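Trainee: Got a structure for you, final.txt, holding compact mmCIF, C-alpha atoms.
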# COMPACT_ATOMS: atom_id res chain seq x y z
CA MET A 1 0.00 0.00 0.00
CA THR A 2 1.33 3.43 -0.91
CA MET A 3 0.99 6.13 1.75
CA SER A 4 0.23 9.75 0.89
CA LYS A 5 2.99 12.34 1.39
CA PRO A 6 1.29 14.00 4.42
CA LEU A 7 0.87 10.60 6.06
CA VAL A 8 4.52 9.75 5.41
CA ARG A 9 5.64 13.03 6.97
CA TRP A 10 3.41 12.43 9.98
CA THR A 11 4.73 8.88 10.42
CA LEU A 12 8.37 10.02 10.21
CA ALA A 13 7.77 12.81 12.71
CA LEU A 14 6.16 10.39 15.14
CA ALA A 15 9.09 7.99 14.78
CA GLY A 16 11.50 10.85 15.43
CA LEU A 17 9.70 11.81 18.61
CA ALA A 18 9.73 8.22 19.82
CA ALA A 19 13.46 7.93 19.14
CA ALA A 20 14.17 11.19 20.95
CA ALA A 21 12.16 9.99 23.93
CA PHE A 22 14.15 6.75 23.95
CA LEU A 23 17.51 8.50 23.79
CA GLN A 24 16.64 11.25 26.29
CA PRO A 25 17.03 9.92 29.88
CA ALA A 26 14.04 10.54 32.07
CA ALA A 27 14.31 12.90 35.06
CA PRO A 28 12.08 11.43 37.77
CA ALA A 29 10.95 13.65 40.62
CA ALA A 30 12.90 11.55 43.12
CA ALA A 31 16.16 12.56 41.46
CA GLN A 32 15.53 16.29 41.49
CA SER A 33 17.53 16.82 44.70
CA ASP A 34 20.60 15.75 42.69
CA GLU A 35 20.16 18.68 40.33
CA PRO A 36 22.00 21.95 40.89
CA GLY A 37 20.24 24.36 43.19
CA CYS A 38 20.18 28.15 43.39
CA ARG A 39 18.46 28.47 40.02
CA PRO A 40 15.07 30.12 39.42
CA GLU A 41 13.71 27.00 37.71
CA MET A 42 14.34 24.96 40.86
CA ALA A 43 11.98 27.05 43.00
CA SER A 44 8.96 24.82 42.29
CA LEU A 45 10.89 21.73 43.42
CA ARG A 46 11.34 22.76 47.03
CA PRO A 47 10.83 19.88 49.49
CA PRO A 48 8.15 20.16 52.19
CA ILE A 49 8.83 22.99 54.64
CA GLN A 50 9.43 22.12 58.28
CA ARG A 51 8.61 24.67 60.93
CA ALA A 52 10.88 25.97 63.67
CA ASN A 53 10.51 28.43 66.52
CA LEU A 54 11.58 31.49 64.60
CA ALA A 55 12.24 35.13 65.42
CA LEU A 56 13.06 37.70 62.77
CA ALA A 57 16.80 38.28 62.42
CA ASN A 58 16.62 41.92 61.23
CA LEU A 59 17.84 40.92 57.80
CA ALA A 60 16.47 41.87 54.42
CA LYS A 61 15.20 39.21 52.05
CA ASP A 62 18.12 37.31 50.43
CA GLU A 63 20.48 38.47 53.21
CA VAL A 64 22.37 36.14 55.52
CA ARG A 65 24.28 36.77 58.73
CA LEU A 66 27.39 34.60 58.91
CA THR A 67 29.56 34.22 62.02
CA PHE A 68 32.86 32.33 62.10
CA VAL A 69 32.62 30.39 65.37
CA GLY A 70 35.98 28.67 64.94
CA HIS A 71 37.77 25.77 63.20
CA ALA A 72 35.16 24.67 60.63
CA SER A 73 32.07 25.92 62.47
CA PHE A 74 29.97 28.82 61.28
CA LEU A 75 26.62 30.11 62.47
CA ILE A 76 24.31 31.01 59.59
CA GLU A 77 21.23 33.14 60.37
CA THR A 78 18.43 33.73 57.89
CA PRO A 79 15.94 36.61 57.56
CA VAL A 80 13.12 34.73 59.33
CA GLY A 81 15.46 33.64 62.11
CA VAL A 82 16.53 30.10 61.24
CA LYS A 83 19.92 29.30 62.78
CA VAL A 84 22.28 26.78 61.19
CA ALA A 85 25.56 25.52 62.69
CA THR A 86 28.12 23.90 60.39
CA ASP A 87 30.44 21.06 61.45
CA TYR A 88 28.76 21.09 64.85
CA ASN A 89 30.97 19.46 67.51
CA ASP A 90 31.60 19.15 71.23
CA TYR A 91 34.50 21.63 71.39
CA VAL A 92 33.59 24.71 69.35
CA ARG A 93 29.91 25.62 69.34
CA PRO A 94 27.85 28.75 68.73
CA GLN A 95 26.40 30.40 71.80
CA VAL A 96 22.85 29.66 70.64
CA THR A 97 21.12 26.37 69.96
CA PRO A 98 20.77 26.00 66.19
CA ASP A 99 17.63 24.82 64.43
CA ILE A 100 19.84 22.84 62.03
CA ALA A 101 23.29 21.37 62.63
CA THR A 102 25.45 19.72 59.99
CA MET A 103 28.32 17.37 60.84
CA ASN A 104 31.15 15.46 59.18
CA LYS A 105 32.91 12.42 60.62
CA ALA A 106 36.53 13.20 59.65
CA HIS A 107 37.53 14.10 63.22
CA SER A 108 35.85 14.77 66.56
CA THR A 109 36.14 18.51 65.93
CA HIS A 110 33.63 18.11 63.08
CA ASN A 111 30.89 16.12 64.81
CA SER A 112 29.24 15.72 68.18
CA ARG A 113 28.65 12.70 70.35
CA ASN A 114 26.43 14.75 72.64
CA PRO A 115 24.44 17.10 70.43
CA ASP A 116 21.96 19.46 72.03
CA PRO A 117 18.62 17.55 72.03
CA ALA A 118 16.83 20.79 71.18
CA ILE A 119 18.33 20.80 67.65
CA GLY A 120 15.49 20.16 65.24
CA GLN A 121 17.53 18.85 62.31
CA LEU A 122 20.83 17.03 62.89
CA LEU A 123 22.33 16.26 59.48
CA ARG A 124 25.29 13.89 59.29
CA GLY A 125 27.47 14.08 56.20
CA TRP A 126 27.86 10.31 56.16
CA ASP A 127 25.57 7.32 56.53
CA PRO A 128 26.09 5.90 60.06
CA ALA A 129 24.78 2.54 58.84
CA GLY A 130 27.48 2.40 56.16
CA ALA A 131 24.93 1.64 53.47
CA GLY A 132 26.12 4.34 51.07
CA ALA A 133 26.06 8.11 50.73
CA ALA A 134 24.12 10.35 53.07
CA LYS A 135 21.19 12.09 51.39
CA HIS A 136 19.77 15.27 52.85
CA ASP A 137 17.39 17.79 51.33
CA VAL A 138 15.35 19.65 53.93
CA THR A 139 13.77 23.06 54.15
CA VAL A 140 13.22 24.81 57.47
CA GLY A 141 11.66 28.25 57.33
CA ASP A 142 13.47 30.12 54.56
CA VAL A 143 16.57 27.91 54.20
CA ARG A 144 17.03 24.77 52.13
CA VAL A 145 19.91 22.47 53.15
CA ARG A 146 21.22 19.70 50.93
CA ASN A 147 24.45 17.73 50.72
CA VAL A 148 26.92 16.62 48.06
CA PRO A 149 28.85 13.50 49.23
CA THR A 150 32.67 13.42 49.03
CA ASN A 151 35.33 10.86 49.92
CA ILE A 152 37.82 11.05 52.77
CA ARG A 153 41.00 9.24 53.73
CA SER A 154 40.41 6.49 56.24
CA TYR A 155 42.61 6.02 59.31
CA ASP A 156 44.28 2.97 57.76
CA GLY A 157 45.34 4.97 54.69
CA GLY A 158 42.54 3.82 52.43
CA THR A 159 39.54 5.68 51.07
CA ASP A 160 36.25 6.06 52.88
CA TYR A 161 33.91 6.55 49.94
CA ASP A 162 31.09 9.06 50.58
CA GLY A 163 32.50 9.50 54.09
CA ASN A 164 31.85 13.24 54.25
CA SER A 165 29.70 15.86 52.57
CA ILE A 166 29.74 19.36 51.22
CA PHE A 167 26.65 21.05 52.62
CA VAL A 168 24.82 23.62 50.54
CA PHE A 169 22.58 26.27 52.09
CA GLU A 170 20.08 28.12 49.90
CA ILE A 171 18.51 31.27 51.36
CA GLY A 172 16.45 33.23 48.88
CA ASP A 173 18.63 33.49 45.79
CA LEU A 174 21.87 33.19 47.78
CA CYS A 175 23.78 29.91 47.69
CA ILE A 176 26.42 29.07 50.34
CA ALA A 177 28.61 25.95 50.17
CA HIS A 178 30.58 24.63 53.15
CA LEU A 179 33.30 22.34 51.78
CA GLY A 180 33.70 20.50 55.07
CA HIS A 181 36.74 18.25 55.44
CA LEU A 182 37.42 18.05 51.69
CA HIS A 183 40.25 15.64 50.79
CA HIS A 184 40.22 15.62 46.99
CA PRO A 185 39.65 17.86 43.95
CA LEU A 186 36.09 18.36 42.76
CA GLU A 187 35.06 16.36 39.72
CA PRO A 188 32.51 17.51 37.10
CA GLY A 189 29.79 15.55 38.88
CA HIS A 190 30.44 17.41 42.12
CA LEU A 191 30.33 20.77 40.36
CA ARG A 192 27.08 19.90 38.63
CA ALA A 193 25.51 18.77 41.89
CA LEU A 194 26.63 21.95 43.67
CA GLY A 195 25.22 24.27 41.03
CA ARG A 196 25.98 27.97 41.26
CA VAL A 197 27.87 28.86 44.44
CA ASP A 198 27.84 32.49 45.63
CA VAL A 199 29.73 32.02 48.91
CA VAL A 200 32.17 29.22 49.68
CA LEU A 201 33.59 28.32 53.11
CA PHE A 202 36.75 26.30 52.55
CA PRO A 203 39.59 24.65 54.56
CA VAL A 204 43.13 25.94 54.08
CA ASP A 205 45.26 23.80 56.44
CA GLY A 206 46.73 21.95 53.46
CA SER A 207 47.53 18.74 55.35
CA TYR A 208 44.54 17.19 57.09
CA THR A 209 42.38 18.29 54.16
CA LEU A 210 43.26 18.90 50.50
CA ASP A 211 46.69 20.44 49.90
CA GLN A 212 46.71 24.21 49.42
CA ASP A 213 47.49 24.15 45.69
CA GLY A 214 44.64 21.70 45.19
CA MET A 215 42.31 23.96 47.15
CA LEU A 216 43.21 26.86 44.89
CA GLU A 217 42.12 24.76 41.90
CA VAL A 218 38.83 24.00 43.65
CA LEU A 219 38.21 27.70 44.20
CA LYS A 220 39.01 28.46 40.56
CA SER A 221 36.47 25.89 39.45
CA LEU A 222 33.74 27.23 41.76
CA GLN A 223 34.21 30.93 40.95
CA ALA A 224 32.26 31.96 44.03
CA ARG A 225 31.94 35.70 44.51
CA VAL A 226 32.91 35.44 48.20
CA MET A 227 35.50 32.97 49.53
CA ILE A 228 35.97 32.64 53.29
CA PRO A 229 38.85 30.50 54.63
CA MET A 230 38.50 28.23 57.65
CA HIS A 231 40.20 25.21 59.25
CA PHE A 232 43.63 26.73 59.75
CA PHE A 233 45.96 26.20 62.70
CA GLY A 234 47.40 29.57 63.61
CA GLY A 235 48.15 32.58 61.45
CA GLY A 236 51.09 30.91 59.70
CA THR A 237 48.90 28.36 57.90
CA LEU A 238 46.53 31.05 56.71
CA ALA A 239 49.41 33.31 55.67
CA ARG A 240 50.92 30.55 53.52
CA PHE A 241 47.64 30.02 51.75
CA LEU A 242 47.12 33.73 51.14
CA ALA A 243 50.66 33.96 49.74
CA ARG A 244 49.83 31.17 47.29
CA SER A 245 46.64 32.95 46.22
CA GLU A 246 48.31 36.36 45.84
CA GLY A 247 47.40 37.97 42.55
CA LEU A 248 44.43 35.70 41.92
CA TRP A 249 41.81 37.50 44.01
CA PRO A 250 41.69 40.58 46.22
CA VAL A 251 41.82 39.88 49.97
CA GLU A 252 39.81 41.77 52.57
CA ARG A 253 40.43 41.25 56.28
CA ARG A 254 37.54 41.95 58.62
CA GLU A 255 37.84 42.93 62.26
CA GLN A 256 34.62 41.21 63.29
CA ALA A 257 33.81 37.51 63.03
CA THR A 258 30.30 38.31 61.82
CA ILE A 259 29.45 39.43 58.31
CA THR A 260 26.16 40.16 56.55
CA LEU A 261 25.96 38.98 52.96
CA GLY A 262 23.31 39.68 50.36
CA LYS A 263 22.85 38.68 46.76
CA ALA A 264 22.64 42.30 45.65
CA THR A 265 25.76 43.36 47.55
CA LEU A 266 28.15 40.58 46.55
CA PRO A 267 31.39 41.84 44.99
CA ALA A 268 31.33 42.13 41.21
CA LYS A 269 34.31 39.77 40.93
CA PRO A 270 35.43 36.90 43.19
CA ALA A 271 37.07 38.12 46.40
CA MET A 272 38.47 36.52 49.52
CA ILE A 273 37.20 37.72 52.90
CA VAL A 274 39.15 36.69 56.00
CA LEU A 275 37.24 36.63 59.29
CA PRO A 276 39.11 36.65 62.61
CA GLY A 277 39.38 33.30 64.39
CA HIS A 278 41.19 30.03 63.99
Can the structure in the file be given as structure tokens, please?
Mentor:
Amino acid sequence: MTMSKPLVRWTLALAGLAAAAFLQPAAPAAAQSDEPGCRPEMASLRPPIQRANLALANLAKDEVRLTFVGHASFLIETPVGVKVATDYNDYVRPQVTPDIATMNKAHSTHNSRNPDPAIGQLLRGWDPAGAGAAKHDVTVGDVRVRNVPTNIRSYDGGTDYDGNSIFVFEIGDLCIAHLGHLHHPLEPGHLRALGRVDVVLFPVDGSYTLDQDGMLEVLKSLQARVMIPMHFFGGGTLARFLARSEGLWPVERREQATITLGKATLPAKPAMIVLPGH
């Protein structure tokens, strides 16, 4: 039987659509938390919001108050008053009880055996059951927290796959990434999972975590507008890192450990901001 020309065109078009559907991998809703965040098109994919006892933090929308508590711990405060503590541990803690606390298992200074029971969300960067990577994607008030798993060196010299996490905090249109106890360069998959990063909190010790030259490469790949160093042991460690980064980005030293950051007030080009502490 001979088909008419319109019918042939219609048949070919239908076959083309079927082939495209076969070749194009599906993106199920369950996998959406693996997609990059901090993009306008991700707004409709927010997970269910969990409530906390909140008090306004005197911040404008899309602003964040960030305090360097010490070592790898920061206190992040959002406009509606959500408080987040990073690498929460039993030695260096913020003076307030956070609504959310993230932890990594690299050392005891990055996790707590006796966390405050009043913490609403305690997010471990590893799976305590050892069944694979930790998976977190929660929203409390006006902050979304998710994790990107990374590997760490084990105590016997091997590799603990998915043993730690980079935690990402999304407040309004501002995206903050805490690199945690990062031990290796970031691969394309990590960068895709992170998405756009506006502010990065990164370790500079160069020995327990990634070496300093490797950390510079990580920062180059992220291109965050604000880079804040952490996890340094005395001024000498920090000074060596800043010497290595000289000429790459401007450096601003602050006198206070607290800084207010907003999407509209980020520097036009990447800059390093050093907060007092150790």
Trainee: Near range 210-222 of chain A, within 9 Å and counting only C-alpha atoms, which residues show up once chain neighbours fewer than 6 positions away are dropped, as a PDB file with C-alpha atoms, in the frame of the given file?
Mentor:
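The file below, out02.pdb, is the result:
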ATOM      1  CA  HIS A 181      36.740  18.250  55.440  1.00  0.00           C
ATOM      2  CA  LEU A 182      37.420  18.050  51.690  1.00  0.00           C
ATOM      3  CA  HIS A 183      40.250  15.640  50.790  1.00  0.00           C
ATOM      4  CA  HIS A 184      40.220  15.620  46.990  1.00  0.00           C
ATOM      5  CA  PRO A 185      39.650  17.860  43.950  1.00  0.00           C
ATOM      6  CA  LEU A 186      36.090  18.360  42.760  1.00  0.00           C
ATOM      7  CA  LEU A 191      30.330  20.770  40.360  1.00  0.00           C
ATOM      8  CA  ARG A 196      25.980  27.970  41.260  1.00  0.00           C
ATOM      9  CA  VAL A 197      27.870  28.860  44.440  1.00  0.00           C
ATOM     10  CA  ASP A 198      27.840  32.490  45.630  1.00  0.00           C
ATOM     11  CA  VAL A 200      32.170  29.220  49.680  1.00  0.00           C
ATOM     12  CA  PHE A 202      36.750  26.300  52.550  1.00  0.00           C
ATOM     13  CA  PRO A 203      39.590  24.650  54.560  1.00  0.00           C
ATOM     14  CA  VAL A 204      43.130  25.940  54.080  1.00  0.00           C
ATOM     15  CA  ARG A 240      50.920  30.550  53.520  1.00  0.00           C
ATOM     16  CA  PHE A 241      47.640  30.020  51.750  1.00  0.00           C
ATOM     17  CA  ARG A 244      49.830  31.170  47.290  1.00  0.00           C
ATOM     18  CA  SER A 245      46.640  32.950  46.220  1.00  0.00           C
TER      19      SER A 245
END
Trainee: So, with all atoms listed in the file as the atoms that count, which of A:His136, A:Arg254, A:Arg113, A:Lys269 lies closest to Thr67 in chain A?
Mentor: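 Once distances to Thr67 in chain A are computed over all atoms listed in the file, the minimum belongs to A:Arg254.
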Trainee: Contacts of Leu123 in chain A at 10 Å or less, counting only C-alpha atoms, minus same-chain residues fewer than 6 places along, as a VMD selection string?
Mentor: chain A and resid 86 to 88 100 to 104 134 to 138 145 to 147 167
Trainee: Quick one: write out the picked residues with C-alpha atoms as a PDB file, in the coordinates of the input?
Mentor:
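Generated file (again22.pdb):
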ATOM      1  CA  THR A  86      28.120  23.900  60.390  1.00  0.00           C
ATOM      2  CA  ASP A  87      30.440  21.060  61.450  1.00  0.00           C
ATOM      3  CA  TYR A  88      28.760  21.090  64.850  1.00  0.00           C
ATOM      4  CA  ILE A 100      19.840  22.840  62.030  1.00  0.00           C
ATOM      5  CA  ALA A 101      23.290  21.370  62.630  1.00  0.00           C
ATOM      6  CA  THR A 102      25.450  19.720  59.990  1.00  0.00           C
ATOM      7  CA  MET A 103      28.320  17.370  60.840  1.00  0.00           C
ATOM      8  CA  ASN A 104      31.150  15.460  59.180  1.00  0.00           C
ATOM      9  CA  ALA A 134      24.120  10.350  53.070  1.00  0.00           C
ATOM     10  CA  LYS A 135      21.190  12.090  51.390  1.00  0.00           C
ATOM     11  CA  HIS A 136      19.770  15.270  52.850  1.00  0.00           C
ATOM     12  CA  ASP A 137      17.390  17.790  51.330  1.00  0.00           C
ATOM     13  CA  VAL A 138      15.350  19.650  53.930  1.00  0.00           C
ATOM     14  CA  VAL A 145      19.910  22.470  53.150  1.00  0.00           C
ATOM     15  CA  ARG A 146      21.220  19.700  50.930  1.00  0.00           C
ATOM     16  CA  ASN A 147      24.450  17.730  50.720  1.00  0.00           C
ATOM     17  CA  PHE A 167      26.650  21.050  52.620  1.00  0.00           C
TER      18      PHE A 167
END
Trainee: In terms of the shortest atom-to-atom distance over all atoms listed in the file, which of A:Val92, A:Ala72, A:Val143, A:Cys175 is closest to Pro229 in chain A?
Mentor: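 For Pro229 in chain A, the nearest of the candidates is A:Ala72.
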Trainee: Between CA of Thr265 in chain A and CA of Arg225 in chain A, what is the distance, to one decimal in Å?
Mentor: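 Interatomic distance here is 10.3 Å.
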Trainee: My list of candidates is A:Ala106, A:Val96, A:Met227, A:Ala239. Which is closest to Arg153 in chain A when distances are computed with only C-alpha atoms?
Mentor: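 Among A:Ala106, A:Val96, A:Met227, A:Ala239, it is A:Ala106 that comes nearest to Arg153 in chain A.
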Trainee: Mind pulling up the distance from CA of Gly172 in chain A to CA of Leu66 in chain A?
Mentor: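 CA of Gly172 in chain A lies at a distance of 14.9 Å from CA of Leu66 in chain A.
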Trainee: Interatomic distance between CA of Ala131 in chain A and CA of Ser207 in chain A?
Mentor: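 So the two atoms, CA of Ala131 in chain A and CA of Ser207 in chain A, lie 28.4 Å apart.
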Trainee: Would you list the residues near (37.8, 29.5, 63.1) (no more than 6 Å away, in the coordinates of the file, using all atoms listed in the file) as an MDAnalysis selection string?
Mentor: chainID A and resid 68:71 230 277:278
Trainee: Please produce a file of the residues just selected, as a JSON list (two decimals), in the coordinates of the input, where the atoms kept are C-alpha atoms.
Mentor:
[["chain", "number", "residue", "atom", "x", "y", "z"],
["A", 68, "PHE", "CA", 32.86, 32.33, 62.10],
["A", 69, "VAL", "CA", 32.62, 30.39, 65.37],
["A", 70, "GLY", "CA", 35.98, 28.67, 64.94],
["A", 71, "HIS", "CA", 37.77, 25.77, 63.20],
["A", 230, "MET", "CA", 38.50, 28.23, 57.65],
["A", 277, "GLY", "CA", 39.38, 33.30, 64.39],
["A", 278, "HIS", "CA", 41.19, 30.03, 63.99]]
Trainee: Pick from A:Pro98, A:Pro270, A:Gly247, A:Pro128: nearest to Phe74 in chain A, with only C-alpha atoms counted?
Mentor: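 Among A:Pro98, A:Pro270, A:Gly247, A:Pro128, it is A:Pro98 that comes nearest to Phe74 in chain A.
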Trainee: Applying 12 Å and all atoms listed in the file, which residues near Ser154 in chain A remain after dropping the ones on its own chain fewer than 2 positions away? List them as a list of chain:residue names.
Mentor: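 So the residues in contact are A:Lys105, A:Ala106, A:His107, A:Asn151, A:Ile152, A:Asp156, A:Gly157, A:Gly158, A:Thr159, A:Asp160, A:Tyr161, A:Asp162, A:Gly163, A:Asn164, A:His183, A:Tyr208.
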